[in-house]
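Below is my_file-v8.cif, which holds mmCIF, C-alpha atoms and all ligand atoms.
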data_model
loop_
_atom_site.group_PDB
_atom_site.id
_atom_site.type_symbol
_atom_site.label_atom_id
_atom_site.label_comp_id
_atom_site.auth_asym_id
_atom_site.auth_seq_id
_atom_site.Cartn_x
_atom_site.Cartn_y
_atom_site.Cartn_z
ATOM 1 C CA MET A 162 -13.952 78.055 -84.838
ATOM 2 C CA VAL A 163 -14.979 80.671 -82.303
ATOM 3 C CA ASN A 164 -14.011 80.244 -78.689
ATOM 4 C CA LEU A 165 -16.814 80.968 -76.221
ATOM 5 C CA ALA A 166 -14.798 80.395 -73.040
ATOM 6 C CA VAL A 167 -14.838 83.290 -70.563
ATOM 7 C CA GLN A 168 -13.085 84.024 -67.306
ATOM 8 C CA VAL A 169 -14.963 85.554 -64.367
ATOM 9 C CA ALA A 170 -12.717 86.693 -61.515
ATOM 10 C CA GLY A 171 -10.008 84.242 -62.573
ATOM 11 C CA VAL A 172 -12.419 81.285 -62.906
ATOM 12 C CA ASP A 173 -12.768 79.611 -66.323
ATOM 13 C CA PHE A 174 -16.250 79.043 -67.744
ATOM 14 C CA PRO A 175 -16.534 76.933 -70.941
ATOM 15 C CA ASN A 176 -19.266 79.221 -72.257
ATOM 16 C CA PRO A 177 -20.918 82.386 -70.894
ATOM 17 C CA THR A 178 -24.359 80.933 -70.039
ATOM 18 C CA VAL A 179 -24.882 80.427 -66.312
ATOM 19 C CA VAL A 180 -27.890 79.156 -64.357
ATOM 20 C CA ALA A 181 -29.206 82.135 -62.336
ATOM 21 C CA SER A 182 -29.748 81.791 -58.601
ATOM 22 C CA GLY A 183 -33.121 80.490 -57.474
ATOM 23 C CA ILE A 184 -34.120 78.676 -60.617
ATOM 24 C CA LEU A 185 -32.948 75.087 -60.108
ATOM 25 C CA GLY A 186 -32.650 74.932 -56.335
ATOM 26 C CA VAL A 187 -29.503 73.772 -54.581
ATOM 27 C CA THR A 188 -29.102 70.109 -55.485
ATOM 28 C CA ALA A 189 -26.099 68.552 -57.219
ATOM 29 C CA SER A 190 -28.470 66.587 -59.458
ATOM 30 C CA SER A 191 -30.285 69.664 -60.783
ATOM 31 C CA ALA A 192 -26.933 71.383 -61.334
ATOM 32 C CA SER A 193 -25.656 68.375 -63.312
ATOM 33 C CA PHE A 194 -28.889 68.330 -65.317
ATOM 34 C CA ALA A 195 -28.280 71.923 -66.427
ATOM 35 C CA VAL A 196 -24.646 71.170 -67.268
ATOM 36 C CA ALA A 197 -25.757 68.209 -69.404
ATOM 37 C CA HIS A 198 -27.898 70.698 -71.331
ATOM 38 C CA GLY A 199 -25.073 73.111 -71.989
ATOM 39 C CA ALA A 200 -24.940 75.485 -69.013
ATOM 40 C CA GLY A 201 -21.444 76.925 -68.656
ATOM 41 C CA GLY A 202 -21.850 77.559 -64.924
ATOM 42 C CA ILE A 203 -24.295 77.064 -62.063
ATOM 43 C CA THR A 204 -25.557 79.427 -59.393
ATOM 44 C CA LEU A 205 -27.341 77.766 -56.486
ATOM 45 C CA LYS A 206 -30.450 79.176 -54.757
ATOM 46 C CA SER A 207 -29.467 81.552 -51.945
ATOM 47 C CA CYS A 208 -29.085 79.846 -48.583
ATOM 48 C CA GLY A 209 -28.908 81.015 -45.001
ATOM 49 C CA ILE A 210 -27.553 79.430 -41.866
ATOM 50 C CA GLU A 211 -30.838 77.652 -40.970
ATOM 51 C CA PRO A 212 -33.320 75.829 -43.224
ATOM 52 C CA ARG A 213 -36.322 77.946 -44.282
ATOM 53 C CA THR A 214 -39.595 76.836 -45.810
ATOM 54 C CA GLY A 215 -40.221 80.224 -47.432
ATOM 55 C CA HIS A 216 -43.631 81.782 -48.083
ATOM 56 C CA ARG A 217 -46.916 79.887 -48.388
ATOM 57 C CA GLY A 218 -48.200 79.283 -51.917
ATOM 58 C CA PRO A 219 -48.906 80.641 -54.364
ATOM 59 C CA THR A 220 -45.302 81.816 -54.614
ATOM 60 C CA ILE A 221 -44.937 82.120 -58.395
ATOM 61 C CA LEU A 222 -47.368 83.684 -60.852
ATOM 62 C CA PRO A 223 -47.105 84.176 -64.626
ATOM 63 C CA VAL A 224 -47.754 87.844 -65.488
ATOM 64 C CA PRO A 225 -47.477 89.699 -68.806
ATOM 65 C CA GLY A 226 -43.809 89.644 -69.816
ATOM 66 C CA GLY A 227 -42.560 87.320 -67.109
ATOM 67 C CA LEU A 228 -43.106 85.993 -63.610
ATOM 68 C CA LEU A 229 -43.923 87.486 -60.252
ATOM 69 C CA ASN A 230 -42.319 85.521 -57.417
ATOM 70 C CA ALA A 231 -42.263 85.623 -53.654
ATOM 71 C CA VAL A 232 -40.575 82.342 -52.870
ATOM 72 C CA GLY A 233 -39.296 83.762 -49.597
ATOM 73 C CA LEU A 234 -35.755 82.394 -49.521
ATOM 74 C CA SER A 235 -36.756 78.769 -49.100
ATOM 75 C CA ASN A 236 -33.588 76.692 -48.689
ATOM 76 C CA PRO A 237 -32.340 73.675 -46.731
ATOM 77 C CA GLY A 238 -29.704 75.618 -44.752
ATOM 78 C CA ALA A 239 -25.968 76.037 -45.241
ATOM 79 C CA ALA A 240 -24.899 72.613 -43.921
ATOM 80 C CA ALA A 241 -27.095 70.791 -46.440
ATOM 81 C CA VAL A 242 -25.891 73.031 -49.264
ATOM 82 C CA VAL A 243 -22.285 72.197 -48.354
ATOM 83 C CA GLU A 244 -23.068 68.519 -49.005
ATOM 84 C CA GLU A 245 -24.627 69.338 -52.390
ATOM 85 C CA ILE A 246 -21.625 71.429 -53.457
ATOM 86 C CA ARG A 247 -19.281 68.626 -52.410
ATOM 87 C CA ALA A 248 -21.329 66.104 -54.399
ATOM 88 C CA PHE A 249 -21.300 68.332 -57.493
ATOM 89 C CA LYS A 250 -17.563 68.876 -57.202
ATOM 90 C CA GLU A 251 -16.784 65.161 -57.155
ATOM 91 C CA GLN A 252 -16.856 65.360 -60.945
ATOM 92 C CA PRO A 253 -16.162 69.010 -61.615
ATOM 93 C CA THR A 254 -17.486 70.036 -65.001
ATOM 94 C CA VAL A 255 -18.284 73.748 -64.847
ATOM 95 C CA PRO A 256 -17.825 76.326 -62.079
ATOM 96 C CA ILE A 257 -20.362 76.372 -59.264
ATOM 97 C CA ILE A 258 -21.381 79.649 -57.636
ATOM 98 C CA ALA A 259 -22.863 79.394 -54.140
ATOM 99 C CA SER A 260 -25.276 82.150 -53.102
ATOM 100 C CA ILE A 261 -25.875 83.276 -49.524
ATOM 101 C CA PHE A 262 -27.989 85.717 -47.527
ATOM 102 C CA GLY A 263 -28.091 86.847 -43.918
ATOM 103 C CA ARG A 264 -29.847 89.222 -41.531
ATOM 104 C CA THR A 265 -26.680 90.994 -40.430
ATOM 105 C CA GLU A 266 -23.097 91.441 -41.516
ATOM 106 C CA GLU A 267 -22.090 88.817 -38.915
ATOM 107 C CA GLU A 268 -24.639 86.333 -40.238
ATOM 108 C CA PHE A 269 -23.467 86.822 -43.825
ATOM 109 C CA SER A 270 -19.914 86.083 -42.664
ATOM 110 C CA GLU A 271 -21.047 83.036 -40.699
ATOM 111 C CA VAL A 272 -22.888 81.529 -43.683
ATOM 112 C CA ALA A 273 -19.960 82.380 -45.971
ATOM 113 C CA ALA A 274 -17.541 80.535 -43.686
ATOM 114 C CA VAL A 275 -19.717 77.398 -43.613
ATOM 115 C CA ILE A 276 -20.323 77.379 -47.382
ATOM 116 C CA CYS A 277 -16.665 77.942 -48.242
ATOM 117 C CA GLU A 278 -15.768 74.692 -46.458
ATOM 118 C CA ALA A 279 -17.117 73.075 -49.636
ATOM 119 C CA GLN A 280 -14.909 75.283 -51.816
ATOM 120 C CA PRO A 281 -17.414 76.650 -54.325
ATOM 121 C CA ASP A 282 -15.660 78.227 -57.321
ATOM 122 C CA LEU A 283 -17.231 81.580 -56.502
ATOM 123 C CA LEU A 284 -19.464 82.947 -53.735
ATOM 124 C CA GLU A 285 -22.332 85.339 -54.481
ATOM 125 C CA ILE A 286 -23.835 87.451 -51.710
ATOM 126 C CA ASN A 287 -27.506 88.224 -52.209
ATOM 127 C CA VAL A 288 -28.201 91.647 -50.748
ATOM 128 C CA SER A 289 -31.134 92.268 -53.076
ATOM 129 C CA CYS A 290 -34.038 89.866 -52.458
ATOM 130 C CA PRO A 291 -37.249 91.899 -52.812
ATOM 131 C CA ASN A 292 -39.500 89.450 -50.950
ATOM 132 C CA VAL A 293 -38.559 89.410 -47.302
ATOM 133 C CA ALA A 294 -38.787 93.068 -46.269
ATOM 134 C CA SER A 295 -41.073 92.409 -43.293
ATOM 135 C CA GLU A 296 -38.567 89.962 -41.839
ATOM 136 C CA PHE A 297 -35.222 91.377 -42.932
ATOM 137 C CA GLY A 298 -36.094 95.086 -43.038
ATOM 138 C CA VAL A 299 -35.005 97.299 -45.906
ATOM 139 C CA ARG A 300 -32.863 95.409 -48.357
ATOM 140 C CA PHE A 301 -29.162 95.857 -47.606
ATOM 141 C CA GLY A 302 -28.654 96.256 -51.314
ATOM 142 C CA LEU A 303 -30.510 99.568 -51.326
ATOM 143 C CA ASP A 304 -28.082 101.051 -48.828
ATOM 144 C CA HIS A 305 -24.573 101.679 -50.129
ATOM 145 C CA ASP A 306 -22.889 101.707 -46.712
ATOM 146 C CA SER A 307 -24.474 98.419 -45.582
ATOM 147 C CA THR A 308 -23.628 96.713 -48.873
ATOM 148 C CA ALA A 309 -20.014 97.858 -48.668
ATOM 149 C CA ARG A 310 -19.769 96.736 -45.027
ATOM 150 C CA ILE A 311 -21.160 93.262 -45.794
ATOM 151 C CA THR A 312 -18.908 92.922 -48.842
ATOM 152 C CA ARG A 313 -15.820 93.816 -46.810
ATOM 153 C CA ALA A 314 -16.756 91.469 -43.956
ATOM 154 C CA VAL A 315 -17.488 88.500 -46.227
ATOM 155 C CA LYS A 316 -14.329 89.041 -48.265
ATOM 156 C CA ARG A 317 -12.292 89.062 -45.077
ATOM 157 C CA THR A 318 -13.937 85.764 -44.094
ATOM 158 C CA ILE A 319 -13.564 83.870 -47.364
ATOM 159 C CA GLY A 320 -10.067 84.940 -48.376
ATOM 160 C CA ASN A 321 -9.272 83.855 -51.887
ATOM 161 C CA VAL A 322 -12.689 82.508 -52.943
ATOM 162 C CA PRO A 323 -13.823 85.042 -55.581
ATOM 163 C CA LEU A 324 -16.736 87.155 -54.321
ATOM 164 C CA LEU A 325 -19.691 88.369 -56.396
ATOM 165 C CA VAL A 326 -22.283 90.837 -55.086
ATOM 166 C CA LYS A 327 -25.801 90.590 -56.540
ATOM 167 C CA LEU A 328 -27.374 94.019 -56.820
ATOM 168 C CA SER A 329 -30.902 95.355 -57.004
ATOM 169 C CA PRO A 330 -32.018 97.569 -59.882
ATOM 170 C CA GLN A 331 -33.835 99.681 -57.304
ATOM 171 C CA ALA A 332 -30.616 100.814 -55.625
ATOM 172 C CA HIS A 333 -29.995 104.508 -56.022
ATOM 173 C CA SER A 334 -27.245 104.690 -58.686
ATOM 174 C CA ILE A 335 -26.403 101.048 -59.207
ATOM 175 C CA ALA A 336 -23.128 102.113 -60.840
ATOM 176 C CA THR A 337 -21.934 103.961 -57.737
ATOM 177 C CA LEU A 338 -23.018 101.023 -55.592
ATOM 178 C CA ALA A 339 -21.089 98.590 -57.787
ATOM 179 C CA ARG A 340 -18.006 100.792 -57.419
ATOM 180 C CA ARG A 341 -18.425 100.734 -53.637
ATOM 181 C CA CYS A 342 -18.542 96.922 -53.816
ATOM 182 C CA GLN A 343 -15.363 96.822 -55.882
ATOM 183 C CA ASP A 344 -13.623 99.138 -53.417
ATOM 184 C CA ALA A 345 -14.801 96.889 -50.553
ATOM 185 C CA GLY A 346 -13.186 93.819 -52.128
ATOM 186 C CA ALA A 347 -15.779 92.361 -54.527
ATOM 187 C CA ASP A 348 -14.262 90.406 -57.395
ATOM 188 C CA GLY A 349 -17.353 90.714 -59.605
ATOM 189 C CA ILE A 350 -20.927 92.002 -59.768
ATOM 190 C CA THR A 351 -24.105 90.128 -60.620
ATOM 191 C CA ALA A 352 -26.803 92.432 -61.971
ATOM 192 C CA ILE A 353 -29.768 92.407 -61.547
ATOM 193 C CA ASN A 354 -32.108 90.758 -59.052
ATOM 194 C CA SER A 355 -35.839 90.832 -59.794
ATOM 195 C CA VAL A 356 -37.590 94.201 -60.077
ATOM 196 C CA GLY A 357 -40.204 95.597 -57.766
ATOM 197 C CA PRO A 358 -41.815 94.285 -55.742
ATOM 198 C CA GLY A 359 -44.950 94.210 -57.849
ATOM 199 C CA MET A 360 -48.505 93.045 -57.173
ATOM 200 C CA ALA A 361 -51.147 91.112 -59.099
ATOM 201 C CA ILE A 362 -54.777 91.248 -57.902
ATOM 202 C CA ASP A 363 -57.442 88.581 -58.409
ATOM 203 C CA VAL A 364 -60.460 90.602 -59.566
ATOM 204 C CA HIS A 365 -62.883 87.936 -58.330
ATOM 205 C CA THR A 366 -61.639 87.695 -54.755
ATOM 206 C CA ARG A 367 -60.270 91.275 -54.847
ATOM 207 C CA LYS A 368 -57.164 90.055 -53.045
ATOM 208 C CA PRO A 369 -53.500 89.936 -54.081
ATOM 209 C CA VAL A 370 -52.783 86.584 -55.757
ATOM 210 C CA LEU A 371 -49.440 85.882 -54.079
ATOM 211 C CA SER A 372 -49.733 84.886 -50.445
ATOM 212 C CA ASN A 373 -46.945 87.370 -49.708
ATOM 213 C CA ARG A 374 -49.126 89.996 -51.477
ATOM 214 C CA VAL A 375 -46.107 91.308 -53.424
ATOM 215 C CA GLY A 376 -43.255 89.707 -55.348
ATOM 216 C CA GLY A 377 -40.259 90.384 -57.585
ATOM 217 C CA LEU A 378 -40.779 90.709 -61.342
ATOM 218 C CA SER A 379 -38.473 88.680 -63.610
ATOM 219 C CA GLY A 380 -38.528 87.688 -67.278
ATOM 220 C CA ARG A 381 -38.628 89.462 -70.638
ATOM 221 C CA ALA A 382 -40.198 92.636 -69.239
ATOM 222 C CA ILE A 383 -37.077 93.446 -67.206
ATOM 223 C CA LEU A 384 -34.418 92.825 -69.891
ATOM 224 C CA PRO A 385 -34.086 96.520 -70.858
ATOM 225 C CA VAL A 386 -33.691 97.493 -67.192
ATOM 226 C CA ALA A 387 -31.018 94.824 -66.717
ATOM 227 C CA VAL A 388 -29.154 95.838 -69.892
ATOM 228 C CA ARG A 389 -29.148 99.481 -68.780
ATOM 229 C CA CYS A 390 -27.857 98.522 -65.325
ATOM 230 C CA VAL A 391 -25.032 96.422 -66.790
ATOM 231 C CA HIS A 392 -24.191 99.278 -69.163
ATOM 232 C CA ASP A 393 -23.970 101.771 -66.288
ATOM 233 C CA ILE A 394 -21.969 99.428 -64.032
ATOM 234 C CA THR A 395 -19.470 98.735 -66.837
ATOM 235 C CA HIS A 396 -18.584 102.431 -66.852
ATOM 236 C CA ALA A 397 -17.945 102.415 -63.106
ATOM 237 C CA VAL A 398 -15.940 99.242 -62.368
ATOM 238 C CA ASP A 399 -12.986 97.174 -63.585
ATOM 239 C CA ILE A 400 -14.300 93.855 -62.222
ATOM 240 C CA PRO A 401 -16.372 91.433 -64.359
ATOM 241 C CA ILE A 402 -20.169 91.512 -64.465
ATOM 242 C CA ILE A 403 -22.580 88.598 -64.743
ATOM 243 C CA GLY A 404 -25.590 90.119 -66.505
ATOM 244 C CA THR A 405 -28.968 88.656 -65.623
ATOM 245 C CA GLY A 406 -32.603 89.661 -65.985
ATOM 246 C CA GLY A 407 -34.947 88.607 -68.775
ATOM 247 C CA ILE A 408 -32.494 86.728 -71.004
ATOM 248 C CA ALA A 409 -34.248 84.108 -73.135
ATOM 249 C CA THR A 410 -32.507 84.280 -76.532
ATOM 250 C CA ALA A 411 -29.012 84.661 -77.999
ATOM 251 C CA GLU A 412 -29.890 88.209 -79.007
ATOM 252 C CA ASP A 413 -30.802 89.031 -75.381
ATOM 253 C CA ALA A 414 -27.484 87.555 -74.194
ATOM 254 C CA LEU A 415 -25.597 89.493 -76.870
ATOM 255 C CA GLN A 416 -27.210 92.745 -75.702
ATOM 256 C CA MET A 417 -25.849 92.033 -72.218
ATOM 257 C CA ILE A 418 -22.366 91.285 -73.535
ATOM 258 C CA LEU A 419 -22.359 94.379 -75.750
ATOM 259 C CA ALA A 420 -23.382 96.357 -72.635
ATOM 260 C CA GLY A 421 -20.291 94.970 -70.867
ATOM 261 C CA ALA A 422 -21.211 91.638 -69.257
ATOM 262 C CA THR A 423 -18.612 88.861 -69.211
ATOM 263 C CA ALA A 424 -21.201 86.117 -68.618
ATOM 264 C CA VAL A 425 -24.995 85.934 -68.570
ATOM 265 C CA ALA A 426 -27.234 84.222 -66.039
ATOM 266 C CA ILE A 427 -30.571 82.767 -67.130
ATOM 267 C CA GLY A 428 -33.437 82.235 -64.707
ATOM 268 C CA THR A 429 -36.981 82.811 -65.909
ATOM 269 C CA GLY A 430 -35.755 81.909 -69.420
ATOM 270 C CA VAL A 431 -35.362 78.307 -68.227
ATOM 271 C CA HIS A 432 -39.102 78.308 -67.429
ATOM 272 C CA SER A 433 -40.189 79.949 -70.675
ATOM 273 C CA GLU A 434 -37.760 78.271 -73.121
ATOM 274 C CA GLY A 435 -36.978 74.976 -71.408
ATOM 275 C CA ILE A 436 -33.611 73.576 -70.353
ATOM 276 C CA GLU A 437 -32.342 73.760 -73.975
ATOM 277 C CA VAL A 438 -32.085 77.523 -73.502
ATOM 278 C CA PHE A 439 -28.383 77.238 -72.591
ATOM 279 C CA SER A 440 -27.225 75.364 -75.692
ATOM 280 C CA ARG A 441 -29.540 77.399 -77.928
ATOM 281 C CA ILE A 442 -28.102 80.684 -76.667
ATOM 282 C CA THR A 443 -24.531 79.386 -76.956
ATOM 283 C CA ARG A 444 -25.129 78.322 -80.558
ATOM 284 C CA GLY A 445 -26.716 81.669 -81.381
ATOM 285 C CA ILE A 446 -23.785 83.603 -79.901
ATOM 286 C CA SER A 447 -21.346 81.442 -81.904
ATOM 287 C CA ALA A 448 -23.245 82.117 -85.108
ATOM 288 C CA TYR A 449 -23.231 85.865 -84.410
ATOM 289 C CA LEU A 450 -19.479 85.912 -83.761
ATOM 290 C CA GLU A 451 -18.770 83.904 -86.891
ATOM 291 C CA ALA A 452 -21.011 86.122 -89.012
ATOM 292 C CA ASN A 453 -19.158 89.169 -87.691
ATOM 293 C CA GLY A 454 -15.668 87.702 -88.191
ATOM 294 C CA CYS A 455 -14.895 87.563 -84.460
ATOM 295 C CA ASN A 456 -12.888 84.825 -82.725
ATOM 296 C CA GLY A 457 -14.088 85.388 -79.165
ATOM 297 C CA LEU A 458 -16.377 87.343 -76.877
ATOM 298 C CA SER A 459 -13.669 89.795 -75.829
ATOM 299 C CA GLU A 460 -13.959 91.340 -79.293
ATOM 300 C CA ILE A 461 -17.536 92.454 -78.661
ATOM 301 C CA ARG A 462 -17.697 92.849 -74.850
ATOM 302 C CA GLY A 463 -18.762 96.378 -73.965
ATOM 303 C CA ALA A 464 -18.798 97.409 -77.634
ATOM 304 C CA VAL A 465 -21.786 99.685 -77.071
ATOM 305 C CA HIS A 466 -19.464 101.970 -75.149
ATOM 306 C CA ASP A 467 -17.504 102.661 -78.345
ATOM 307 C CA HIS A 468 -20.438 104.701 -79.629
HETATM 308 O O1 LIG A 501 -36.612 83.602 -52.597
HETATM 309 C C1 LIG A 501 -37.077 84.614 -53.147
HETATM 310 O O2 LIG A 501 -38.227 85.008 -52.943
HETATM 311 C C2 LIG A 501 -36.258 85.451 -54.029
HETATM 312 C C3 LIG A 501 -34.944 85.798 -53.793
HETATM 313 BR BR1 LIG A 501 -33.979 85.119 -52.359
HETATM 314 C C4 LIG A 501 -34.267 86.717 -54.647
HETATM 315 O O3 LIG A 501 -33.107 87.092 -54.450
HETATM 316 N N1 LIG A 501 -34.964 87.196 -55.687
HETATM 317 C C5 LIG A 501 -36.231 86.846 -55.954
HETATM 318 O O4 LIG A 501 -36.810 87.326 -56.929
HETATM 319 N N2 LIG A 501 -36.874 85.957 -55.111
#
Would you give me this structure, written as structure tokens?
Ligand code: RRO
Amino acid sequence: MVNLAVQVAGVDFPNPTVVASGILGVTASSASFAVAHGAGGITLKSCGIEPRTGHRGPTILPVPGGLLNAVGLSNPGAAAVVEEIRAFKEQPTVPIIASIFGRTEEEFSEVAAVICEAQPDLLEINVSCPNVASEFGVRFGLDHDSTARITRAVKRTIGNVPLLVKLSPQAHSIATLARRCQDAGADGITAINSVGPGMAIDVHTRKPVLSNRVGGLSGRAILPVAVRCVHDITHAVDIPIIGTGGIATAEDALQMILAGATAVAIGTGVHSEGIEVFSRITRGISAYLEANGCNGLSEIRGAVHDH
């Protein structure tokens, strides 16, 4: 019997499939729903200190190979998320990863402090949202110094809660950036956020379809970019990586693990495959390990680097 349990930054996950940030909101009930369908971990939608409604609709558009989204960081604010984390943790089943954003290093630290009152199992800092440039300026995640500064400040604030940093594929040398995060105190890396931004134009109105005009690309089209990023980061760091971007099948998840990921996060795949995607991927990974005479994921993690 193969064992699919993995450990990310000292936290035990029963299997490597995690709900990606932004896909099932922030409620305890949606998190429990995913767990009931086999998710091995949950990441909540990124939250800030205040509630935000996000961008006007349309915010999500199917495009060839995936989705274009400009949700615009809609969230009910940190205090409400604290209540949801507490509710989920009343019957702890799988680890819960809270995700936060801020406008400044101080704001990141402030949100982190509030959220950690609820003791999430891990905290992810989102420095890579592609959809709020006009409001937040250039993404922190594209600037190595800012990312390192925010990582250091948040780590100082949250103490022993394990810290993940979610990176953008557009950063110049994502591997070097990941190393900077590790040196600044990150306990793990999540890679990647959506790609772009991109644009889709309505040929009848001759206007961009999304109200925000542009949005991040997710889904199957970005899997090879995500796999390459995880591969490059694996070379540069010793901390675990949650690979995300375009995973919809067991074979996609296995590519990520062979590239070096410890766990995989699934976002757009929940839309395209349905909530059964978690158990289906877990079963497929088990079958692959059994067929290859392996007892656990550590036997194949990063195996592409052997060649
Ligand atoms: O809310 C969004 O528009 C959003 C976020 Br915060 C993010 O990190 N990535 C994304 O594709 N959309």
Find the spatial neighbours of Ile261 of chain A, counting all atoms listed in the file, within a cut-off of 6 Å - ignore same-chain residues fewer than 2 positions away - and output them as a count of residues only. 5
Surroundings of ligand LIG 501 (chain A) up to 10 Å, based on all atoms listed in the file, as a ChimeraX atom specification: /A:182-184,206-209,215-216,220-221,228-236,260-262,286-293,327-329,353-358,373,376-379,428
Just checking: using only C-alpha atoms, which residue out of A:Ile335, A:Ile403, A:Val255, A:Ile436 ends up closest to Asn176 of chain A?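 With only C-alpha atoms as the atom set, the closest residue is A:Val255.
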Which residues fall under the PyMOL selection byres (((chain A and resi 406) around 9) and not hetatm) in this file, as a list of chain:residue names? A:Ala352, A:Ile353, A:Asn354, A:Ser355, A:Val356, A:Ser379, A:Gly380, A:Arg381, A:Ala382, A:Ile383, A:Leu384, A:Pro385, A:Val386, A:Ala387, A:Val388, A:Gly404, A:Thr405, A:Gly407, A:Ile408, A:Val425, A:Ala426, A:Ile427, A:Gly428, A:Thr429
Taking the file as shown, what set of residues would the PyMOL selection byres (((chain A and resi 409) around 7) and not hetatm) give back, as a list of chain:residue names?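 In the shown coordinates, the PyMOL selection byres (((chain A and resi 409) around 7) and not hetatm) covers A:Gly407, A:Ile408, A:Thr410, A:Asp413, A:Gly430, A:Glu434, A:Val438.
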Just so the selection is clear, what residues does the PyMOL selection byres (((chain A and resi 185-193) around 7) and not hetatm) cover here, as a ChimeraX atom specification? /A:183-184,194-197,203,205-206,242,245-246,248-249
Would you work out the distance separating atom CA of Arg462 of chain A from atom CA of Gly421 of chain A, expressed in Å to one decimal?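 Straight-line distance from atom CA of Arg462 of chain A to atom CA of Gly421 of chain A works out to 5.2 Å.
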I need the residue nearest Cys342 of chain A from this list: A:Pro177, A:Gly359, A:Gly302, A:Gly454. Use all atoms listed in the file for the distance.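 Distance minimum relative to Cys342 of chain A lands on A:Gly302.
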For atom CA of Val322 of chain A and atom CA of Gly202 of chain A, quote the distance in Å rounded to one decimal. 15.9 Å
Give me, as a ChimeraX atom specification, all polymer residues having an atom no more than 6 Å from Glu285 of chain A, counting all atoms listed in the file and skipping those fewer than 2 positions away in the same chain. /A:259-260,324-326
Residue contacts of Ala336 of chain A (9 Å, all atoms listed in the file) excluding same-chain residues fewer than 3 positions away, as a PyMOL selection string: chain A and resi 333+339-341+390-398
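Between atom CA of Val167 of chain A and atom CA of Glu451 of chain A the interatomic distance comes to 16.8 Å.
With distances restricted to all atoms listed in the file, A:Leu419 is the closest residue to Arg389 of chain A from A:Leu419, A:Ala239, A:Leu284, A:Ile442.
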Where atoms are missing, can you supply N, CA and C atoms for segment 247-260 of chain A and output the lot as a CSV table (one decimal), in the coordinates of the input?
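Result file follows (out_28.csv):
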chain,number,residue,atom,x,y,z
A,247,ARG,N,-20.3,69.7,-52.4
A,247,ARG,CA,-19.3,68.6,-52.4
A,247,ARG,C,-19.6,67.5,-53.4
A,248,ALA,N,-20.9,67.2,-53.5
A,248,ALA,CA,-21.3,66.1,-54.4
A,248,ALA,C,-21.1,66.6,-55.8
A,249,PHE,N,-21.5,67.8,-56.1
A,249,PHE,CA,-21.3,68.3,-57.5
A,249,PHE,C,-19.8,68.4,-57.9
A,250,LYS,N,-19.0,68.7,-56.9
A,250,LYS,CA,-17.6,68.9,-57.2
A,250,LYS,C,-16.8,67.6,-57.3
A,251,GLU,N,-17.5,66.5,-57.0
A,251,GLU,CA,-16.8,65.2,-57.2
A,251,GLU,C,-16.4,64.9,-58.6
A,252,GLN,N,-17.2,65.4,-59.5
A,252,GLN,CA,-16.9,65.4,-60.9
A,252,GLN,C,-17.0,66.8,-61.5
A,253,PRO,N,-16.0,67.6,-61.2
A,253,PRO,CA,-16.2,69.0,-61.6
A,253,PRO,C,-16.3,69.2,-63.1
A,254,THR,N,-17.3,69.9,-63.6
A,254,THR,CA,-17.5,70.0,-65.0
A,254,THR,C,-17.5,71.5,-65.4
A,255,VAL,N,-18.3,72.3,-64.6
A,255,VAL,CA,-18.3,73.7,-64.8
A,255,VAL,C,-18.2,74.4,-63.5
A,256,PRO,N,-17.9,75.7,-63.4
A,256,PRO,CA,-17.8,76.3,-62.1
A,256,PRO,C,-19.2,76.4,-61.4
A,257,ILE,N,-19.1,76.3,-60.1
A,257,ILE,CA,-20.4,76.4,-59.3
A,257,ILE,C,-20.3,77.6,-58.4
A,258,ILE,N,-21.3,78.4,-58.4
A,258,ILE,CA,-21.4,79.6,-57.6
A,258,ILE,C,-22.4,79.4,-56.5
A,259,ALA,N,-21.9,79.5,-55.3
A,259,ALA,CA,-22.9,79.4,-54.1
A,259,ALA,C,-23.4,80.8,-53.9
A,260,SER,N,-24.7,80.9,-53.4
A,260,SER,CA,-25.3,82.2,-53.1
A,260,SER,C,-25.8,82.1,-51.7
